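Take a look at the structure set out below.
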Amino acid sequence: MNPAAMQFLHQNPGALPLYETLENRVLSEIQNVTVNVQRTQISFGNDHTFACVSFAKPGRAMECADPYIVLTFFLGKKLCSSRVKVGQEPHLNHWTHHTTVFQPAEIDAELMGWLKDASSFTAEKPEDGGFFA
């Protein structure tokens with residue numbers, strides 16, 4: 001893990017095992033991923049960002065027990081799962097999904113399947129440049 005990611009996680013040190021598990025799986029299971037640490041999130045991308053880790057709570061009234069991470073990812077369809085806390089369609093057929101992760105075991109085959117789909121989805125840049133320009 002790079003020093004910038006460690007610095008970002010310093011604000012919630014209990015989340016370190018969650019992030020490490022996620023990053024290790026993403027980098028080992030999805031091709032050509034870059035990790036970009038920003039002020040408010042850590043982004044995973046290929047040609048475009050397909051997922052982000054943050055501590056922003058999805059939904060105003062949502063309670064999150066520490067430790068946790070919020071995982072946001074982008075798909076061309078709405079997911080219907082109790083694990084998805086918020087799903088929004090900011091652009092036609094471009095869905096933003098937010099889920100919370102409290103235990104490393106929650107970074108499972110289902111979640112990784114969504115991230116693989118998100119990676120494929122964002123790699124297919126719209127012809128008009130649109131959402132992922």
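Residue numbers start at 1 in each chain; chains themselves are named A, B, ... in the order of the structure tokens; ligands are numbered from 1 in the order shown.
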
> Neighbours of range 6-14 of chain A within 12 Å (only C-alpha atoms; same-chain residues fewer than 5 positions away dropped), as an NGL selection string?
Replying inline: :A and (1 or 19-20 or 36-43 or 53-56 or 65-70 or 102-104)

Next, the residues of the selection above should be written as a compact mmCIF listing (two decimals), in the first residue's frame with N, CA and C atoms.
# COMPACT_ATOMS: atom_id res chain seq x y z
N MET A 1 0.85 -1.17 0.00
CA MET A 1 0.00 0.00 0.00
C MET A 1 0.91 1.24 0.00
N TYR A 19 -9.68 -1.89 3.97
CA TYR A 19 -9.11 -1.34 2.75
C TYR A 19 -8.05 -2.27 2.17
N GLU A 20 -7.19 -2.82 3.02
CA GLU A 20 -6.14 -3.72 2.51
C GLU A 20 -6.73 -4.93 1.82
N ASN A 36 -5.65 5.89 -7.14
CA ASN A 36 -5.43 7.33 -7.05
C ASN A 36 -5.98 7.83 -5.72
N VAL A 37 -5.09 8.30 -4.85
CA VAL A 37 -5.50 8.81 -3.54
C VAL A 37 -5.77 10.31 -3.66
N GLN A 38 -6.97 10.68 -3.27
CA GLN A 38 -7.37 12.08 -3.30
C GLN A 38 -7.70 12.53 -1.88
N ARG A 39 -8.09 13.75 -1.71
CA ARG A 39 -8.35 14.29 -0.38
C ARG A 39 -9.50 13.57 0.32
N THR A 40 -10.57 13.22 -0.42
CA THR A 40 -11.77 12.66 0.21
C THR A 40 -12.03 11.20 -0.15
N GLN A 41 -11.20 10.63 -1.03
CA GLN A 41 -11.45 9.24 -1.44
C GLN A 41 -10.21 8.63 -2.06
N ILE A 42 -10.24 7.31 -2.14
CA ILE A 42 -9.24 6.55 -2.89
C ILE A 42 -9.99 5.94 -4.06
N SER A 43 -9.52 6.22 -5.28
CA SER A 43 -10.21 5.76 -6.49
C SER A 43 -9.46 4.62 -7.14
N VAL A 53 -13.30 4.45 -2.57
CA VAL A 53 -13.42 4.18 -1.15
C VAL A 53 -13.42 5.52 -0.42
N SER A 54 -14.35 5.68 0.50
CA SER A 54 -14.40 6.91 1.29
C SER A 54 -14.98 6.58 2.66
N PHE A 55 -15.12 7.63 3.45
CA PHE A 55 -15.80 7.51 4.74
C PHE A 55 -17.09 8.32 4.75
N ALA A 56 -17.48 8.83 3.58
CA ALA A 56 -18.73 9.59 3.46
C ALA A 56 -19.90 8.61 3.62
N ALA A 65 -21.22 1.97 12.12
CA ALA A 65 -20.39 1.58 13.25
C ALA A 65 -18.95 1.45 12.77
N ASP A 66 -18.03 1.94 13.57
CA ASP A 66 -16.62 1.82 13.22
C ASP A 66 -16.14 0.41 13.46
N PRO A 67 -15.22 -0.08 12.71
CA PRO A 67 -14.68 0.53 11.49
C PRO A 67 -15.58 0.23 10.29
N TYR A 68 -15.47 1.06 9.29
CA TYR A 68 -16.22 0.86 8.05
C TYR A 68 -15.51 1.59 6.92
N ILE A 69 -15.85 1.19 5.70
CA ILE A 69 -15.53 1.97 4.51
C ILE A 69 -16.79 2.04 3.67
N VAL A 70 -16.91 3.11 2.92
CA VAL A 70 -17.99 3.22 1.96
C VAL A 70 -17.38 2.95 0.60
N PHE A 102 -18.14 -3.48 6.61
CA PHE A 102 -17.78 -3.45 8.02
C PHE A 102 -16.80 -4.57 8.40
N GLN A 103 -16.76 -5.63 7.58
CA GLN A 103 -15.92 -6.79 7.87
C GLN A 103 -15.19 -7.20 6.59
N PRO A 104 -13.93 -7.66 6.69
CA PRO A 104 -13.24 -8.13 5.49
C PRO A 104 -14.00 -9.23 4.74

> Hey, what's within 12 Å of range 110-117 of chain A if we count only C-alpha atoms and toss same-chain stuff fewer than 2 positions away? As a PyMOL selection string, please?
Replying inline: chain A and resi 21-33+44-46+49-52+71-81+83-84+96-101+104-108+119-124

> Which parts of chain A does DSSP call alpha helix (DSSP H) when run on the backbone here, written out as JSON, numbers by chain?
Replying inline: {"A": [3, 4, 5, 6, 7, 8, 9, 16, 17, 18, 19, 20, 21, 22, 23, 24, 25, 26, 27, 28, 29, 109, 110, 111, 112, 113, 114, 115, 116, 117, 118, 119, 120, 121, 122, 123]}

Export N, CA and C atoms of the chosen residues as a CSV table (one decimal), in the first residue's frame?
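Written out: out.csv:
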chain,number,residue,atom,x,y,z
A,3,PRO,N,2.1,5.2,0.6
A,3,PRO,CA,2.1,6.1,1.7
A,3,PRO,C,0.9,7.0,1.7
A,4,ALA,N,0.4,7.5,0.5
A,4,ALA,CA,-0.7,8.4,0.4
A,4,ALA,C,-2.0,7.6,0.9
A,5,ALA,N,-2.1,6.4,0.6
A,5,ALA,CA,-3.3,5.6,1.0
A,5,ALA,C,-3.2,5.4,2.6
A,6,MET,N,-2.0,5.2,3.1
A,6,MET,CA,-1.9,5.1,4.5
A,6,MET,C,-2.3,6.4,5.2
A,7,GLN,N,-1.9,7.5,4.6
A,7,GLN,CA,-2.2,8.8,5.2
A,7,GLN,C,-3.7,9.0,5.2
A,8,PHE,N,-4.4,8.7,4.1
A,8,PHE,CA,-5.8,8.8,4.0
A,8,PHE,C,-6.5,8.0,5.0
A,9,LEU,N,-6.1,6.7,5.2
A,9,LEU,CA,-6.7,5.8,6.2
A,9,LEU,C,-6.4,6.2,7.7
A,16,LEU,N,-8.2,0.1,8.2
A,16,LEU,CA,-7.1,-0.4,7.4
A,16,LEU,C,-7.2,-1.8,6.9
A,17,PRO,N,-7.6,-2.8,7.8
A,17,PRO,CA,-7.8,-4.2,7.3
A,17,PRO,C,-8.9,-4.3,6.2
A,18,LEU,N,-9.9,-3.5,6.3
A,18,LEU,CA,-11.0,-3.5,5.3
A,18,LEU,C,-10.4,-3.0,3.9
A,19,TYR,N,-9.7,-1.9,4.0
A,19,TYR,CA,-9.1,-1.3,2.7
A,19,TYR,C,-8.1,-2.3,2.2
A,20,GLU,N,-7.2,-2.8,3.0
A,20,GLU,CA,-6.1,-3.7,2.5
A,20,GLU,C,-6.7,-4.9,1.8
A,21,THR,N,-7.8,-5.5,2.4
A,21,THR,CA,-8.4,-6.7,1.8
A,21,THR,C,-9.0,-6.3,0.4
A,22,LEU,N,-9.7,-5.1,0.4
A,22,LEU,CA,-10.3,-4.7,-0.9
A,22,LEU,C,-9.2,-4.4,-1.9
A,23,GLU,N,-8.2,-3.6,-1.6
A,23,GLU,CA,-7.2,-3.3,-2.5
A,23,GLU,C,-6.5,-4.5,-3.1
A,24,ASN,N,-6.1,-5.5,-2.2
A,24,ASN,CA,-5.5,-6.7,-2.6
A,24,ASN,C,-6.3,-7.5,-3.6
A,25,ARG,N,-7.6,-7.6,-3.3
A,25,ARG,CA,-8.5,-8.3,-4.2
A,25,ARG,C,-8.7,-7.6,-5.6
A,26,VAL,N,-8.9,-6.3,-5.5
A,26,VAL,CA,-9.0,-5.5,-6.7
A,26,VAL,C,-7.8,-5.6,-7.6
A,27,LEU,N,-6.6,-5.4,-7.0
A,27,LEU,CA,-5.4,-5.5,-7.8
A,27,LEU,C,-5.1,-6.8,-8.3
A,28,SER,N,-5.5,-7.9,-7.6
A,28,SER,CA,-5.2,-9.2,-8.1
A,28,SER,C,-6.2,-9.8,-9.0
A,29,GLU,N,-7.5,-9.3,-9.0
A,29,GLU,CA,-8.6,-9.9,-9.8
A,29,GLU,C,-9.0,-9.0,-11.0
A,109,ALA,N,-17.3,-12.7,-3.2
A,109,ALA,CA,-17.4,-12.9,-4.7
A,109,ALA,C,-18.5,-12.0,-5.2
A,110,GLU,N,-19.6,-11.8,-4.5
A,110,GLU,CA,-20.6,-10.9,-5.0
A,110,GLU,C,-20.1,-9.5,-5.2
A,111,LEU,N,-19.5,-9.0,-4.2
A,111,LEU,CA,-19.0,-7.6,-4.3
A,111,LEU,C,-17.9,-7.5,-5.4
A,112,MET,N,-17.0,-8.5,-5.4
A,112,MET,CA,-16.0,-8.4,-6.5
A,112,MET,C,-16.6,-8.5,-7.8
A,113,GLY,N,-17.7,-9.3,-8.0
A,113,GLY,CA,-18.4,-9.4,-9.3
A,113,GLY,C,-18.9,-8.0,-9.7
A,114,TRP,N,-19.4,-7.3,-8.7
A,114,TRP,CA,-19.9,-5.9,-9.1
A,114,TRP,C,-18.8,-5.0,-9.5
A,115,LEU,N,-17.6,-5.1,-8.8
A,115,LEU,CA,-16.5,-4.3,-9.1
A,115,LEU,C,-15.9,-4.7,-10.5
A,116,LYS,N,-15.9,-5.9,-10.8
A,116,LYS,CA,-15.4,-6.4,-12.2
A,116,LYS,C,-16.4,-5.8,-13.2
A,117,ASP,N,-17.7,-5.9,-13.0
A,117,ASP,CA,-18.6,-5.3,-13.9
A,117,ASP,C,-18.4,-3.8,-14.0
A,118,ALA,N,-18.2,-3.1,-12.9
A,118,ALA,CA,-18.0,-1.7,-12.9
A,118,ALA,C,-16.7,-1.4,-13.8
A,119,SER,N,-15.7,-2.1,-13.6
A,119,SER,CA,-14.4,-1.9,-14.4
A,119,SER,C,-14.7,-2.1,-15.9
A,120,SER,N,-15.5,-3.1,-16.2
A,120,SER,CA,-15.8,-3.3,-17.7
A,120,SER,C,-16.7,-2.2,-18.2
A,121,PHE,N,-17.7,-1.8,-17.4
A,121,PHE,CA,-18.6,-0.7,-17.8
A,121,PHE,C,-17.9,0.6,-18.0
A,122,THR,N,-17.1,1.0,-17.1
A,122,THR,CA,-16.4,2.3,-17.3
A,122,THR,C,-15.3,2.3,-18.3
A,123,ALA,N,-14.8,1.1,-18.7
A,123,ALA,CA,-13.8,1.0,-19.7
A,123,ALA,C,-14.5,1.2,-21.1

>> Taking only chain A into account, list the residues labelled strand (DSSP E) by DSSP (computed from the backbone), as JSON, numbers by chain.
In response: {"A": [34, 35, 36, 37, 42, 43, 44, 45, 49, 50, 51, 52, 53, 54, 69, 70, 71, 72, 73, 74, 75, 84, 85, 86, 87, 88, 89, 90, 91, 94, 95, 96, 97, 98, 99, 100, 101]}
